[in-house]
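Working notes, structure below.
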Amino acid sequence: MDSSQLFGIAMIAYLLAAALYLGLFLFKTERIGLVCTLLALAGTCVLTAAIGLRWRESYQMGIGHAPLTNMYESLVFFAWCTSCFYLALEYRFKTRVMGVFVMSFVAIAMAYASFSDRIDSKINPLIPALQSNWLIAHVVTCFIGYAAFAVAGALGLMYLLKQSAENRPSRDGQGLTESLPPLPLIDDLIHKTIVFGFLWLSAGIITGAVWANEAWGTYWSWDPKETWSIITWFLYALTLHARFTRGWRGRRIAWLAMIGFVAVFFTYFGVNFLLSGLHSYGSA
Amino acid sequence: MTTSKKNAFSSLFASVQLALLLLFLLASTAIIGTVIPQNNPAAFYVEQYGFKTARFFQLLDIPDMYNSWWFLGLLTLFAVNLIVCSADRIPQVIRLVRRDILAVTPEQLTKFPLRSEQRHAGDLPTAAAQVALVLKQHGWRAQETQVDAGRLYGAQKGRWSRFGVYVVHCSILVILAGALVGSSTVARTIFRDPLAAFKGSVMLPEGESVAHVFAHKGGERLDLGFALHCDDFAIEFYGNGMPKTYRSRVTIFEHEAPVRSAEIEVNRPLTYKGITFYQSSYQPLPDYLVHLKKRDSKAETTARIPVATEVDWPEGGVSYGIINRERQGEVTRRLKIWFSDGQGEPSVFWLNIGQEATVERPSGAYLLTVQQRYATGLQATKDPGVWLVYGGCLLMLLGLYIAFFMSHRRIYVLIQPEENGCRLLFAGDANKNRVGFERSFLQLVNRSENRAQPHLPQ
């Protein structure tokens, strides 16, 4: 069995999990809740094995390196981080329905990685610029941050949906979002995930800067990727200050969590496809 | 008059609103430089955006916006905001941290967010000993005092964590200071010493030496104070043609004596006397290095020759030349060699770069290798501020951890004697993570309750 088969199985598990979480959300059949979690967990385990196997395969090809070096590998790793982060959150806070937002996102990321024409899933050797011990530290820290922000964005969306349903007088509108956790809990979770993500994003930017100084002799060159990462950092810093010192809560923070995730998404994805710069090896 | 002016100044810069505005402005203006290509020649902007827009760009330094007066101005305002805002709040925090833990009244305790009441069957000293023990077992180092209503125990943890956010603010200032110390512009214009901090580069052909580099900003010539000799430059490829390694072997000479030899690769720079050399590019030169040896004799030669030139080697009695080449991009892969010893037809054959060929001639056998000659592109950087920047980064991570994941927790127990025993009032507060604190507060309260009636029949 090779890693690409395992990636396929993981993708199917995530797609099924997303569909079942949707069922859980729409029909509120508590009985399938456990199945949802088990599927998401199974997908994550298979994905872990797939990533490990791909790592091994690269060594068998004689060009061994961590599978974190092109768009395919980073998307897969993003899906892995996000689902791990989500599962931890689900376990800790015992709220299952938010899986509908996060798992569909994970499933889309996996499907896009597998089916898009723009994405090459071949294992390629490392170009000289990437041959560094900083590779793993930089990518892992960034992606833990990205995963947290993805979950925060999904929670923001959930908050806004629930709130607008509660404001609507009609009963059936409210019925759909009734199963979502209470607004104060979502608000608290958004804040906690942003705080967590902010710490890791900072670590990601710092490891990137140290690596850049090692490879190119400059820790900061205002390359589009760097610039967008600092834009994202500024946005979340703004969000945290608005909350800590201006008492912003609920709706405003939910919007900021979503806007922040747009910036994250652009940093990760948009920069590679739309702008040129030092990080161009991430685009294929 | 001056005081009110000063107040207006400091209250503006101490405000969080200004911080929020500046963060927003920095985030949104930084986008410009990611959309409009930076540091291109003026003609590029005229061609791309038209004359009028290009003039407007020039006015606002858009082609180098991250070094423009207005962007640096925003960063300066941000730094001033950080300093004033922190200086404004730190005294308050110091007061809070140094405040006597026992300076609370029983009335204040009844307003704490976490409270719990218990009865204790023993008298005041028994109950007090009990409370002191439970607090100690939960890791609280309590202080005690007599109050009118009875006896008060107070303890706190993590009060220094209130400084976490200021550690983060300070770390940003340290990073900015490091950037200033390492800035070539500051070195040139303020310290008038371009060698104090610079970024420069040099194209160094194999077999040659250089004692200077050219500054990236202004192109000025910077003397290194030592000479750098390029012994050799090599590119290795993977099987699929992707580049694997760019490697320069260099030797440093001081007063014409070699002092250090090293290899420089991408991600493996060489630092000597505070100047760091990075492998940044290369250039194939139009000539080739030929190494020729006559077998069974000591005669050998090395020559540097361009294409389509006939070279004589009288000692070996042959002449040779390169008559054609096959290139991938700028890098030569194969050469067509012409080789004659004046007897019979000359040999003509293709030879891979770096491979040894044996040429059998009537006058004997010759061993021939040809190398592409390169110039290696090295970047040289002197950045005395980099350790300040790294220190600031570490400080930031530490500060973020303290600010986000540590909290100032306080716990009080008021013991009031009553008829047939005592009343215990537990009160607690945390400035962050109240949910987590509530859990440990309840654990402590339960432990005390279980101990309060150890001899009561179940």
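Labeling convention for the structure tokens: chains A, B, ... as they appear, residues from 1 per chain, ligands from 1 in order of appearance.
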Q: Could you please select, counting only C-alpha atoms, the residues of chain A within 8 Å of chain B and state them as an MDAnalysis selection string?
A: chainID A and resid 125:129 131:132 195 199 202:203 206 210 214:217 222:224 227:228 230:232 234:235 237:238 241:242 245 275
Can you write out the residues you just picked, keeping N, CA and C atoms, as a compact mmCIF listing (two decimals), in the first residue's frame?
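Result written to again-v7.txt:
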# COMPACT_ATOMS: atom_id res chain seq x y z
N PRO A 125 12.45 16.27 -4.94
CA PRO A 125 13.59 16.54 -4.05
C PRO A 125 13.58 17.99 -3.58
N LEU A 126 14.35 18.26 -2.56
CA LEU A 126 14.40 19.61 -1.98
C LEU A 126 15.38 20.49 -2.73
N ILE A 127 14.90 21.68 -3.14
CA ILE A 127 15.85 22.63 -3.72
C ILE A 127 16.73 23.17 -2.59
N PRO A 128 17.91 23.72 -2.96
CA PRO A 128 18.86 24.12 -1.90
C PRO A 128 18.25 25.05 -0.85
N ALA A 129 17.37 25.98 -1.25
CA ALA A 129 16.85 26.95 -0.28
C ALA A 129 16.06 26.27 0.83
N GLN A 131 16.68 23.22 2.05
CA GLN A 131 17.44 22.22 2.81
C GLN A 131 17.92 22.81 4.13
N SER A 132 17.02 22.80 5.10
CA SER A 132 17.37 23.39 6.39
C SER A 132 16.57 22.74 7.50
N VAL A 195 -6.33 33.42 20.69
CA VAL A 195 -5.17 33.57 21.56
C VAL A 195 -4.14 32.48 21.26
N LEU A 199 -0.27 33.03 19.36
CA LEU A 199 1.02 32.61 19.89
C LEU A 199 1.79 31.81 18.83
N SER A 202 2.90 33.95 15.84
CA SER A 202 4.10 34.71 16.20
C SER A 202 5.32 33.80 16.10
N ALA A 203 5.21 32.59 16.64
CA ALA A 203 6.34 31.65 16.59
C ALA A 203 6.67 31.32 15.13
N ILE A 206 8.51 34.20 13.57
CA ILE A 206 9.87 34.28 14.13
C ILE A 206 10.77 33.19 13.54
N VAL A 210 14.20 33.78 11.32
CA VAL A 210 15.52 33.22 11.64
C VAL A 210 16.04 32.42 10.44
N GLU A 214 19.29 32.94 7.88
CA GLU A 214 20.25 31.87 7.66
C GLU A 214 20.46 31.63 6.16
N ALA A 215 19.39 31.71 5.40
CA ALA A 215 19.46 31.35 3.99
C ALA A 215 19.79 32.54 3.10
N TRP A 216 19.23 33.69 3.41
CA TRP A 216 19.37 34.83 2.50
C TRP A 216 20.07 36.03 3.13
N GLY A 217 20.44 35.92 4.39
CA GLY A 217 21.15 37.02 5.02
C GLY A 217 20.29 38.20 5.36
N TRP A 222 10.29 42.17 3.52
CA TRP A 222 8.99 42.65 3.02
C TRP A 222 8.58 41.91 1.74
N ASP A 223 8.91 40.66 1.67
CA ASP A 223 8.42 39.80 0.60
C ASP A 223 6.90 39.64 0.82
N PRO A 224 6.12 39.47 -0.26
CA PRO A 224 4.66 39.43 -0.06
C PRO A 224 4.19 38.44 1.00
N THR A 227 5.00 39.97 4.32
CA THR A 227 4.14 41.13 4.56
C THR A 227 2.73 40.70 4.93
N TRP A 228 2.21 39.71 4.20
CA TRP A 228 0.85 39.26 4.53
C TRP A 228 0.78 38.58 5.89
N ILE A 230 2.52 39.47 8.45
CA ILE A 230 2.53 40.52 9.47
C ILE A 230 1.19 41.28 9.44
N ILE A 231 0.57 41.37 8.26
CA ILE A 231 -0.76 41.97 8.18
C ILE A 231 -1.73 41.15 9.04
N THR A 232 -1.66 39.83 8.86
CA THR A 232 -2.50 38.94 9.66
C THR A 232 -2.23 39.12 11.15
N PHE A 234 -1.03 41.77 12.65
CA PHE A 234 -1.61 43.06 13.07
C PHE A 234 -3.12 42.92 13.31
N LEU A 235 -3.80 42.23 12.39
CA LEU A 235 -5.25 42.09 12.51
C LEU A 235 -5.66 41.38 13.79
N ALA A 237 -3.76 41.07 16.47
CA ALA A 237 -3.34 41.92 17.60
C ALA A 237 -4.44 42.94 17.87
N LEU A 238 -4.98 43.50 16.77
CA LEU A 238 -6.08 44.46 16.89
C LEU A 238 -7.29 43.82 17.56
N HIS A 241 -6.63 43.32 21.29
CA HIS A 241 -6.67 44.57 22.05
C HIS A 241 -8.09 45.10 22.16
N ALA A 242 -8.86 44.96 21.06
CA ALA A 242 -10.24 45.44 21.11
C ALA A 242 -11.01 44.69 22.18
N THR A 245 -9.15 45.53 25.95
CA THR A 245 -9.19 46.88 26.50
C THR A 245 -10.45 47.65 26.15
N LEU A 275 0.49 36.54 -6.11
CA LEU A 275 1.63 37.44 -6.04
C LEU A 275 2.90 36.63 -6.20
Q: Mind checking which residues fall within 12 Å of Thr177 in chain A, counting only C-alpha atoms, ignoring those fewer than 5 positions away in the same chain, and posting them as a PyMOL selection string?
A: chain A and resi 22+24-28+97-98+100+157-168+171-172+182-183
Q. So which residues touch range 342-352 of chain B within 10 Å, counting only C-alpha atoms, skipping near sequence neighbours fewer than 5 positions away, as number ranges by chain?
A. B: 317-326, 332-337, 357, 359-363, 368-371
(Q) To test your reading of the structure, identify every residue in range 89-256 of chain A that backbone DSSP assigns to alpha helix (DSSP H), and report it as number ranges by chain. (A) A: 89-93, 99-115, 134-167, 171-177, 183-216, 224-246, 250-256
**Q.** DSSP strand (DSSP E or B) residues within range 229-456 of chain B, as a ChimeraX atom specification
**A.** /B:229-237,243-254,257-265,268,270-272,275-294,300-306,311-313,318-328,331-340,347-352,356-361,364-382,409-418,421-430
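If only C-alpha atoms are the atoms counted, then among B:Ala129, B:Ile175, B:Leu195, B:Ile101 the closest residue to Gly154 in chain B is B:Ile101.
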Q: Please identify all polymer residues within 12 Å of Ser448 in chain B, counting only C-alpha atoms, omitting same-chain residues fewer than 4 positions from it, and present them as an MDAnalysis selection string.
A: chainID B and resid 116:120 127:138 413 424:426 441:444 452:454
Dump of C-alpha atoms for the selected residues, as an mmCIF file, in the first residue's frame:
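Written file, out.cif:
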data_model
loop_
_atom_site.group_PDB
_atom_site.id
_atom_site.type_symbol
_atom_site.label_atom_id
_atom_site.label_comp_id
_atom_site.auth_asym_id
_atom_site.auth_seq_id
_atom_site.Cartn_x
_atom_site.Cartn_y
_atom_site.Cartn_z
ATOM 1 C CA SER B 116 -18.370 29.658 49.261
ATOM 2 C CA GLU B 117 -19.436 29.409 52.893
ATOM 3 C CA GLN B 118 -18.895 26.538 55.325
ATOM 4 C CA ARG B 119 -19.373 25.763 58.965
ATOM 5 C CA HIS B 120 -16.605 24.356 61.091
ATOM 6 C CA ALA B 127 -10.495 25.983 62.291
ATOM 7 C CA ALA B 128 -7.566 28.278 61.534
ATOM 8 C CA ALA B 129 -5.057 25.433 61.733
ATOM 9 C CA GLN B 130 -7.317 23.431 59.464
ATOM 10 C CA VAL B 131 -7.580 26.237 56.873
ATOM 11 C CA ALA B 132 -3.849 26.882 56.948
ATOM 12 C CA LEU B 133 -3.210 23.195 56.303
ATOM 13 C CA VAL B 134 -5.625 22.951 53.393
ATOM 14 C CA LEU B 135 -4.215 26.096 51.781
ATOM 15 C CA LYS B 136 -0.701 24.738 52.164
ATOM 16 C CA GLN B 137 -1.681 21.389 50.684
ATOM 17 C CA HIS B 138 -3.010 23.184 47.594
ATOM 18 C CA VAL B 413 -10.527 32.624 53.790
ATOM 19 C CA LEU B 424 -15.665 30.010 56.999
ATOM 20 C CA LEU B 425 -15.990 32.319 54.004
ATOM 21 C CA PHE B 426 -13.909 31.341 50.957
ATOM 22 C CA PHE B 441 -11.183 26.930 43.829
ATOM 23 C CA LEU B 442 -13.986 24.395 44.185
ATOM 24 C CA GLN B 443 -11.498 21.578 44.761
ATOM 25 C CA LEU B 444 -9.982 23.519 47.629
ATOM 26 C CA ALA B 452 -14.306 20.107 58.599
ATOM 27 C CA GLN B 453 -16.448 17.204 59.789
ATOM 28 C CA PRO B 454 -14.087 14.234 59.920
#
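Going from CA of Arg252 in chain A to CA of Val80 in chain B covers 27.6 Å.
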Q. In terms of the shortest atom-to-atom distance over only C-alpha atoms, which of A:Gly8, A:Gly250, A:Gly156, A:Gly260 is closest to Ala113 in chain A?
A. A:Gly8
Q) How far is it from CA of Phe214 in chain B to CA of Phe198 in chain B, in Å with one decimal? A) 9.6 Å
Q.
One number please: CA of Trp140 in chain B to CA of Pro417 in chain B, in Å, one decimal.
A.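 Atom-to-atom, CA of Trp140 in chain B and CA of Pro417 in chain B are spaced 23.2 Å apart.
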Q.
When you look at Ile136 in chain A with a cut-off of 12 Å (counting only C-alpha atoms), what residues show up, excluding the ones that are within fewer than 2 positions of it in the same chain? I need them as a PyMOL selection string.
A. chain A and resi 65-69+74+77+130-134+138-144+204+207-208+211
Those residues with C-alpha atoms, as an mmCIF file, in the first residue's frame please?
data_model
loop_
_atom_site.group_PDB
_atom_site.id
_atom_site.type_symbol
_atom_site.label_atom_id
_atom_site.label_comp_id
_atom_site.auth_asym_id
_atom_site.auth_seq_id
_atom_site.Cartn_x
_atom_site.Cartn_y
_atom_site.Cartn_z
ATOM 1 C CA HIS A 65 12.704 15.085 3.623
ATOM 2 C CA ALA A 66 9.684 15.953 5.752
ATOM 3 C CA PRO A 67 6.497 16.064 3.637
ATOM 4 C CA LEU A 68 6.021 19.815 4.082
ATOM 5 C CA THR A 69 7.530 21.252 0.954
ATOM 6 C CA SER A 74 1.071 21.755 2.915
ATOM 7 C CA PHE A 77 -0.771 19.064 6.604
ATOM 8 C CA LEU A 130 14.631 24.437 1.533
ATOM 9 C CA GLN A 131 17.441 22.219 2.807
ATOM 10 C CA SER A 132 17.373 23.390 6.386
ATOM 11 C CA ASN A 133 16.447 22.194 9.844
ATOM 12 C CA TRP A 134 14.236 25.251 10.140
ATOM 13 C CA HIS A 138 8.722 26.951 10.535
ATOM 14 C CA VAL A 139 6.016 25.002 8.756
ATOM 15 C CA VAL A 140 4.694 23.287 11.875
ATOM 16 C CA THR A 141 4.422 26.479 13.937
ATOM 17 C CA CYS A 142 2.722 28.352 11.094
ATOM 18 C CA PHE A 143 0.240 25.597 10.430
ATOM 19 C CA ILE A 144 -0.770 25.131 14.051
ATOM 20 C CA GLY A 204 5.847 30.881 12.875
ATOM 21 C CA THR A 207 11.127 30.884 12.925
ATOM 22 C CA GLY A 208 10.635 32.104 9.354
ATOM 23 C CA TRP A 211 15.522 30.846 8.683
#
Q. Near range 144-149 of chain B, within 9 Å and counting only C-alpha atoms, which residues show up once chain neighbours fewer than 4 positions away are dropped, as a PyMOL selection string?
A. chain B and resi 102+105-106+153-155+414-417
(Q) Just want the 8 Å neighbourhood of Pro113 in chain B, counted on only C-alpha atoms, with same-chain residues fewer than 3 positions away dropped. Output as a PyMOL selection string. (A) chain B and resi 427-429
